[in-house]
$ cat structure-v1.cif   # mmCIF, C-alpha atoms (C1' of nucleotides)
data_target
#
loop_
_atom_site.label_atom_id
_atom_site.label_comp_id
_atom_site.auth_asym_id
_atom_site.auth_seq_id
_atom_site.Cartn_x
_atom_site.Cartn_y
_atom_site.Cartn_z
CA MET A 287 0.00 0.00 0.00
CA SER A 288 1.29 3.09 0.85
CA THR A 289 1.99 6.05 -0.85
CA SER A 290 5.70 6.10 -0.87
CA ALA A 291 7.22 9.48 -1.50
CA PRO A 292 5.93 10.99 -4.74
CA THR A 293 8.61 13.64 -4.58
CA ALA A 294 10.16 12.35 -7.79
CA VAL A 295 7.07 13.25 -9.82
CA PHE A 296 6.77 16.51 -7.91
CA SER A 297 10.31 17.55 -8.83
CA ALA A 298 9.52 16.85 -12.44
CA LEU A 299 6.49 19.12 -12.18
CA ALA A 300 8.13 21.81 -10.07
CA ASP A 301 9.84 23.72 -12.85
CA ASP A 302 7.99 26.46 -14.74
CA THR A 303 9.58 25.82 -18.09
CA ARG A 304 8.97 22.12 -17.71
CA TRP A 305 5.34 22.76 -16.83
CA ARG A 306 4.95 24.93 -19.92
CA ILE A 307 6.44 22.18 -22.04
CA LEU A 308 4.23 19.56 -20.47
CA THR A 309 0.98 21.48 -20.86
CA ARG A 310 2.01 22.44 -24.37
CA LEU A 311 2.40 18.75 -25.17
CA GLY A 312 -1.02 18.26 -23.69
CA GLU A 313 -2.41 20.43 -26.47
CA SER A 314 -0.73 18.43 -29.21
CA PRO A 315 2.40 16.31 -29.69
CA ALA A 316 5.59 18.05 -30.77
CA SER A 317 9.30 17.53 -31.31
CA ALA A 318 12.08 19.13 -29.29
CA SER A 319 13.02 21.47 -32.10
CA ALA A 320 9.43 22.55 -32.61
CA LEU A 321 9.13 23.33 -28.90
CA ALA A 322 12.39 25.25 -29.00
CA ARG A 323 10.88 27.49 -31.66
CA GLU A 324 7.85 28.21 -29.52
CA LEU A 325 9.45 28.66 -26.14
CA PRO A 326 12.14 31.15 -25.10
CA VAL A 327 14.77 28.53 -24.28
CA SER A 328 17.33 26.61 -26.27
CA ARG A 329 16.62 23.24 -27.82
CA GLN A 330 19.08 21.57 -25.50
CA ALA A 331 17.26 22.87 -22.47
CA ILE A 332 14.04 21.46 -23.91
CA VAL A 333 15.70 18.11 -24.55
CA LYS A 334 16.81 17.86 -20.94
CA HIS A 335 13.35 18.76 -19.72
CA LEU A 336 11.84 16.12 -21.95
CA GLU A 337 14.20 13.52 -20.53
CA VAL A 338 13.09 14.42 -17.04
CA LEU A 339 9.43 14.31 -18.00
CA ARG A 340 9.87 10.99 -19.73
CA GLY A 341 11.72 9.63 -16.70
CA ALA A 342 8.78 10.62 -14.54
CA GLY A 343 6.33 8.85 -16.84
CA LEU A 344 4.61 12.07 -17.80
CA VAL A 345 5.65 12.04 -21.43
CA GLU A 346 6.15 9.43 -24.11
CA ALA A 347 8.21 9.72 -27.28
CA GLU A 348 7.60 8.28 -30.71
CA THR A 349 9.78 8.37 -33.80
CA HIS A 350 8.00 9.92 -36.77
CA GLY A 351 10.16 10.16 -39.80
CA ARG A 352 13.34 11.77 -38.62
CA GLU A 353 11.57 13.53 -35.82
CA LEU A 354 11.13 12.42 -32.23
CA VAL A 355 7.61 13.44 -31.35
CA HIS A 356 6.61 13.69 -27.70
CA HIS A 357 3.16 13.63 -26.16
CA ALA A 358 1.81 14.06 -22.64
CA LEU A 359 0.48 11.10 -20.67
CA GLY A 360 -2.41 11.61 -18.28
CA GLY A 361 -2.05 8.35 -16.41
CA ARG A 362 0.70 9.25 -14.00
CA LEU A 363 -0.98 12.55 -13.27
CA SER A 364 -4.39 11.12 -12.48
CA SER A 365 -2.99 8.41 -10.24
CA LEU A 366 -1.08 11.13 -8.42
CA ALA A 367 -4.31 13.07 -8.13
CA ARG A 368 -6.01 10.10 -6.51
CA ASP A 369 -3.17 9.68 -4.01
CA LEU A 370 -3.18 13.34 -3.08
CA ASP A 371 -6.90 13.44 -2.58
CA ARG A 372 -6.76 10.39 -0.32
CA ILE A 373 -3.93 11.88 1.74
CA ALA A 374 -5.66 15.24 2.04
CA GLN A 375 -8.85 13.64 3.32
CA THR A 376 -6.92 11.64 5.91
CA TRP A 377 -5.26 14.78 7.22
CA ASP A 378 -8.46 16.71 7.52
CA ARG A 379 -10.22 13.81 9.20
CA ARG A 380 -7.45 13.44 11.79
CA LEU A 381 -7.38 17.15 12.40
CA GLY A 382 -11.15 17.16 12.86
CA ASP A 383 -10.89 14.34 15.39
CA LEU A 384 -8.31 16.28 17.38
CA LYS A 385 -10.38 19.44 17.39
CA ARG A 386 -13.42 17.54 18.56
CA LEU A 387 -11.46 15.87 21.32
CA ALA A 388 -10.11 19.22 22.48
CA GLU A 389 -13.56 20.78 22.65
CA GLU A 390 -15.43 17.90 24.23
CA GLY A 391 -13.15 15.99 26.30
CA GLY A 392 -10.57 18.08 27.75
CA MET B 119 -10.31 29.70 -16.11
CA SER B 120 -7.25 28.22 -16.61
CA THR B 121 -5.26 26.48 -14.14
CA SER B 122 -2.33 28.76 -13.89
CA ALA B 123 0.96 27.10 -13.12
CA PRO B 124 0.81 25.11 -9.91
CA THR B 125 4.58 24.82 -9.89
CA ALA B 126 4.77 26.78 -6.65
CA VAL B 127 2.97 24.07 -4.70
CA PHE B 128 4.92 21.42 -6.56
CA SER B 129 8.25 22.93 -5.52
CA ALA B 130 7.08 22.89 -1.93
CA LEU B 131 6.27 19.20 -2.28
CA ALA B 132 9.35 18.25 -4.27
CA ASP B 133 11.78 17.85 -1.40
CA ASP B 134 12.06 14.53 0.43
CA THR B 135 12.70 15.97 3.86
CA ARG B 136 9.85 18.40 3.40
CA TRP B 137 7.55 15.60 2.34
CA ARG B 138 8.50 13.61 5.44
CA ILE B 139 7.77 16.62 7.61
CA LEU B 140 4.45 17.23 5.90
CA THR B 141 3.20 13.67 6.15
CA ARG B 142 4.45 13.51 9.73
CA LEU B 143 2.33 16.58 10.50
CA GLY B 144 -0.54 14.79 8.84
CA GLU B 145 -0.33 12.16 11.57
CA SER B 146 -0.46 14.71 14.37
CA PRO B 147 0.53 18.33 14.96
CA ALA B 148 4.04 19.03 16.23
CA SER B 149 6.52 21.83 16.95
CA ALA B 150 9.75 22.43 15.07
CA SER B 151 11.86 21.20 17.97
CA ALA B 152 9.80 18.05 18.30
CA LEU B 153 10.23 17.33 14.61
CA ALA B 154 13.94 17.96 14.89
CA ARG B 155 14.12 15.22 17.50
CA GLU B 156 12.37 12.75 15.23
CA LEU B 157 14.04 13.53 11.94
CA PRO B 158 17.74 13.39 11.07
CA VAL B 159 18.09 17.10 10.34
CA SER B 160 18.72 20.17 12.43
CA ARG B 161 15.93 22.25 13.90
CA GLN B 162 16.84 25.18 11.67
CA ALA B 163 16.42 23.07 8.57
CA ILE B 164 13.01 22.04 9.84
CA VAL B 165 12.07 25.65 10.50
CA LYS B 166 12.93 26.65 6.96
CA HIS B 167 10.92 23.75 5.57
CA LEU B 168 7.96 24.73 7.69
CA GLU B 169 8.15 28.27 6.35
CA VAL B 170 8.04 26.95 2.81
CA LEU B 171 5.13 24.65 3.60
CA ARG B 172 3.25 27.43 5.30
CA GLY B 173 3.93 29.71 2.35
CA ALA B 174 2.41 27.10 0.06
CA GLY B 175 -0.71 26.84 2.21
CA LEU B 176 0.03 23.25 3.13
CA VAL B 177 0.64 23.87 6.82
CA GLU B 178 -0.78 26.12 9.49
CA ALA B 179 0.81 27.16 12.77
CA GLU B 180 -0.74 27.81 16.15
CA THR B 181 0.85 29.05 19.35
CA HIS B 182 0.37 26.68 22.26
CA GLY B 183 2.01 27.83 25.41
CA ARG B 184 5.53 28.61 24.43
CA GLU B 185 5.43 26.22 21.52
CA LEU B 186 4.53 26.88 17.91
CA VAL B 187 2.56 23.85 16.85
CA HIS B 188 2.14 23.10 13.15
CA HIS B 189 -0.45 20.95 11.44
CA ALA B 190 -1.05 19.83 7.87
CA LEU B 191 -3.88 21.28 5.80
CA GLY B 192 -5.64 19.07 3.29
CA GLY B 193 -7.39 21.83 1.40
CA ARG B 194 -4.62 22.95 -0.90
CA LEU B 195 -3.74 19.37 -1.66
CA SER B 196 -7.22 18.25 -2.60
CA SER B 197 -7.82 21.26 -4.84
CA LEU B 198 -4.54 20.45 -6.52
CA ALA B 199 -5.73 16.87 -6.92
CA ARG B 200 -8.90 18.07 -8.64
CA ASP B 201 -6.90 20.26 -11.05
CA LEU B 202 -4.50 17.46 -11.91
CA ASP B 203 -7.26 15.01 -12.58
CA ARG B 204 -9.02 17.45 -14.85
CA ILE B 205 -5.82 18.16 -16.78
CA ALA B 206 -4.97 14.49 -17.11
CA GLN B 207 -8.36 13.69 -18.55
CA THR B 208 -8.06 16.48 -21.08
CA TRP B 209 -4.69 15.17 -22.26
CA ASP B 210 -5.91 11.63 -22.66
CA ARG B 211 -9.04 12.74 -24.48
CA ARG B 212 -7.04 14.85 -26.94
CA LEU B 213 -4.57 12.05 -27.48
CA GLY B 214 -7.41 9.64 -28.10
CA ASP B 215 -8.90 12.00 -30.68
CA LEU B 216 -5.59 12.21 -32.50
CA LYS B 217 -5.14 8.44 -32.53
CA ARG B 218 -8.65 7.94 -33.88
CA LEU B 219 -8.06 10.54 -36.57
CA ALA B 220 -4.84 8.85 -37.61
CA GLU B 221 -6.47 5.45 -37.91
CA GLU B 222 -9.69 6.45 -39.61
CA GLY B 223 -9.06 9.44 -41.59
CA GLY B 224 -5.61 9.31 -43.08
"C1'" DA C 99 23.94 12.73 -54.44
"C1'" DC C 100 23.51 16.95 -51.63
"C1'" DG C 101 21.97 20.27 -48.46
"C1'" DC C 102 19.39 21.51 -44.66
"C1'" DA C 103 17.18 20.45 -40.56
"C1'" DT C 104 17.10 17.33 -36.94
"C1'" DT C 105 18.95 14.83 -33.19
"C1'" DG C 106 22.80 13.71 -29.86
"C1'" DC C 107 26.86 14.45 -26.91
"C1'" DA C 108 29.93 17.25 -23.93
"C1'" DA C 109 31.72 20.90 -21.20
"C1'" DC C 110 30.86 24.98 -18.83
"C1'" DT C 111 28.53 28.84 -15.97
"C1'" DC C 112 25.59 30.47 -12.47
"C1'" DG C 113 22.06 30.90 -9.20
"C1'" DA C 114 19.00 28.72 -5.90
"C1'" DC C 115 18.43 26.15 -1.90
"C1'" DA C 116 19.07 22.40 1.64
"C1'" DG C 117 21.65 22.00 5.56
"C1'" DT C 118 24.81 23.41 9.22
"C1'" DT C 119 26.58 26.01 13.26
"C1'" DG C 120 26.61 29.70 16.59
"C1'" DC C 121 24.47 33.03 19.33
"C1'" DA C 122 20.73 35.89 21.26
"C1'" DT C 123 16.18 35.91 23.21
"C1'" DT C 124 12.12 34.66 25.36
"C1'" DC C 125 9.09 32.24 28.36
"C1'" DG C 126 7.04 28.44 31.18
"C1'" DG C 127 7.60 25.62 35.42
"C1'" DA C 128 9.54 24.17 39.87
"C1'" DT D 30 13.54 33.85 40.95
"C1'" DC D 31 16.28 30.85 38.18
"C1'" DC D 32 17.09 27.12 34.96
"C1'" DG D 33 16.06 24.74 30.94
"C1'" DA D 34 13.81 24.44 26.70
"C1'" DA D 35 11.79 26.72 23.00
"C1'" DT D 36 11.98 30.13 19.20
"C1'" DG D 37 14.39 33.54 16.08
"C1'" DC D 38 18.13 35.60 13.39
"C1'" DA D 39 22.39 35.47 10.67
"C1'" DA D 40 26.30 33.86 8.10
"C1'" DC D 41 28.42 30.26 5.66
"C1'" DT D 42 29.20 25.93 2.77
"C1'" DG D 43 28.26 22.67 -0.78
"C1'" DT D 44 25.59 20.59 -4.09
"C1'" DC D 45 22.25 20.20 -7.66
"C1'" DG D 46 20.03 21.59 -11.69
"C1'" DA D 47 18.55 24.95 -15.37
"C1'" DG D 48 20.42 27.04 -19.14
"C1'" DT D 49 23.91 28.00 -22.60
"C1'" DT D 50 27.14 27.20 -26.51
"C1'" DG D 51 29.75 24.46 -29.78
"C1'" DC D 52 30.35 20.59 -32.58
"C1'" DA D 53 29.53 15.97 -34.58
"C1'" DA D 54 26.41 12.81 -36.81
"C1'" DT D 55 22.41 11.30 -38.99
"C1'" DG D 56 18.57 11.23 -42.13
"C1'" DC D 57 14.54 13.21 -45.10
"C1'" DG D 58 13.37 15.46 -49.31
"C1'" DT D 59 14.47 17.43 -53.79
#
$ encode --input "structure-v1.cif" --output "structure tokens"
Amino acid sequence: MSTSAPTAVFSALADDTRWRILTRLGESPASASALARELPVSRQAIVKHLEVLRGAGLVEAETHGRELVHHALGGRLSSLARDLDRIAQTWDRRLGDLKRLAEEGG
Amino acid sequence: MSTSAPTAVFSALADDTRWRILTRLGESPASASALARELPVSRQAIVKHLEVLRGAGLVEAETHGRELVHHALGGRLSSLARDLDRIAQTWDRRLGDLKRLAEEGG
DNA sequence: ACGCATTGCAACTCGACAGTTGCATTCGGA
DNA sequence: TCCGAATGCAACTGTCGAGTTGCAATGCGT
């Protein structure tokens, strides 16, 4: 069970440029060079970001002619969403219990 | 609408020590000194992490006697979860559309 | 076959931040 | 009142990662 630390995915999502790339790929697939033309960073920077995103399971690549086309994957994100929601509810429940105890029982 | 970049919250969640602190506070509230006794880092490190977490709306502090007791807040996390799930579904839907187009329509 | 665009590899810079240590301060309890 | 434990502030170190530039290699289209 368990919810081991999702910090790896979080780090992948924690960079602004990387987030722009990721959401951009959510609109439609694109190659590194294409992204470099749209965003204000070098192609190499984009390539590194794509490696990180792919390593985190947020992006998948596919060779298309001589281009490497990347697209965003929702799976990892939605499973993360489920985990977070579960954790959040646990916290709030526990906190509610404590507050109730403090008011009643003292 | 829009879902502006949630990278701020992500950065707050992207550190292992910070994640340990946060989930620990999800179990039960605690002061910085108490956390420093449980975790293998100095109190000052913990304090800085708590500031970051509080800045991200993930933690709230409350003075209790001479102690500053912190507890985890689920709200920010569950709203993030909702956003992520929505985004993920959009990606997968768009990707599905593209795949269908490629197969049918050529 | 040839040229242009694409990808890939490598070295380098620079700033942000996690973590530490030391010291001052404040405040509750015996 | 006095001691111990808690917080707060400040300076410093070291590492990690985002971004750049330059060059080599590969492959599609004409």
$ residues_near_point --input "structure-v1.cif" --point "(20.6, 29.1, -10.9)" --cutoff "8 Å" --atoms "only C-alpha atoms (C1' of nucleotides)" --output "PDB file with C-alpha atoms (C1' of nucleotides), in the coordinates of the input"
ATOM      1  C1'  DC C 112      25.590  30.470 -12.470  1.00  0.00           C
ATOM      2  C1'  DG C 113      22.060  30.900  -9.200  1.00  0.00           C
ATOM      3  C1'  DA C 114      19.000  28.720  -5.900  1.00  0.00           C
TER       4       DA C 114
ATOM      5  C1'  DG D  46      20.030  21.590 -11.690  1.00  0.00           C
ATOM      6  C1'  DA D  47      18.550  24.950 -15.370  1.00  0.00           C
TER       7       DA D  47
END
$ resolve_selection --input "structure-v1.cif" --expression "the PyMOL selection byres ((chain C) within 12 of (chain A))" --output "PyMOL selection string"
chain C and resi 103-108
$ residues_around --input "structure-v1.cif" --residues "region 118-127 of chain C" --least-positions-apart "3" --cutoff "8 Å" --atoms "all atoms listed in the file" --output "PyMOL selection string"
(chain B and resi 160+183-184) or (chain D and resi 36-37)
$ residues_near_point --input "structure-v1.cif" --point "(4.2, 5.6, -25.7)" --cutoff "9 Å" --atoms "only C-alpha atoms (C1' of nucleotides)" --output "ChimeraX atom specification"
/A:345-348,356-357,359
$ atom_distance --input "structure-v1.cif" --atom1 "CA of Ala300 (chain A)" --atom2 "C1' of DT42 (chain D)"
25.0 Å
$ decode --input "structure-v1.cif" --residues "chain D" --atoms "C-alpha atoms (C1' of nucleotides)" --output "compact mmCIF listing (two decimals), in the first residue's frame"
# COMPACT_ATOMS: atom_id res chain seq x y z
C1' DT D 30 13.54 33.85 40.95
C1' DC D 31 16.28 30.85 38.18
C1' DC D 32 17.09 27.12 34.96
C1' DG D 33 16.06 24.74 30.94
C1' DA D 34 13.81 24.44 26.70
C1' DA D 35 11.79 26.72 23.00
C1' DT D 36 11.98 30.13 19.20
C1' DG D 37 14.39 33.54 16.08
C1' DC D 38 18.13 35.60 13.39
C1' DA D 39 22.39 35.47 10.67
C1' DA D 40 26.30 33.86 8.10
C1' DC D 41 28.42 30.26 5.66
C1' DT D 42 29.20 25.93 2.77
C1' DG D 43 28.26 22.67 -0.78
C1' DT D 44 25.59 20.59 -4.09
C1' DC D 45 22.25 20.20 -7.66
C1' DG D 46 20.03 21.59 -11.69
C1' DA D 47 18.55 24.95 -15.37
C1' DG D 48 20.42 27.04 -19.14
C1' DT D 49 23.91 28.00 -22.60
C1' DT D 50 27.14 27.20 -26.51
C1' DG D 51 29.75 24.46 -29.78
C1' DC D 52 30.35 20.59 -32.58
C1' DA D 53 29.53 15.97 -34.58
C1' DA D 54 26.41 12.81 -36.81
C1' DT D 55 22.41 11.30 -38.99
C1' DG D 56 18.57 11.23 -42.13
C1' DC D 57 14.54 13.21 -45.10
C1' DG D 58 13.37 15.46 -49.31
C1' DT D 59 14.47 17.43 -53.79
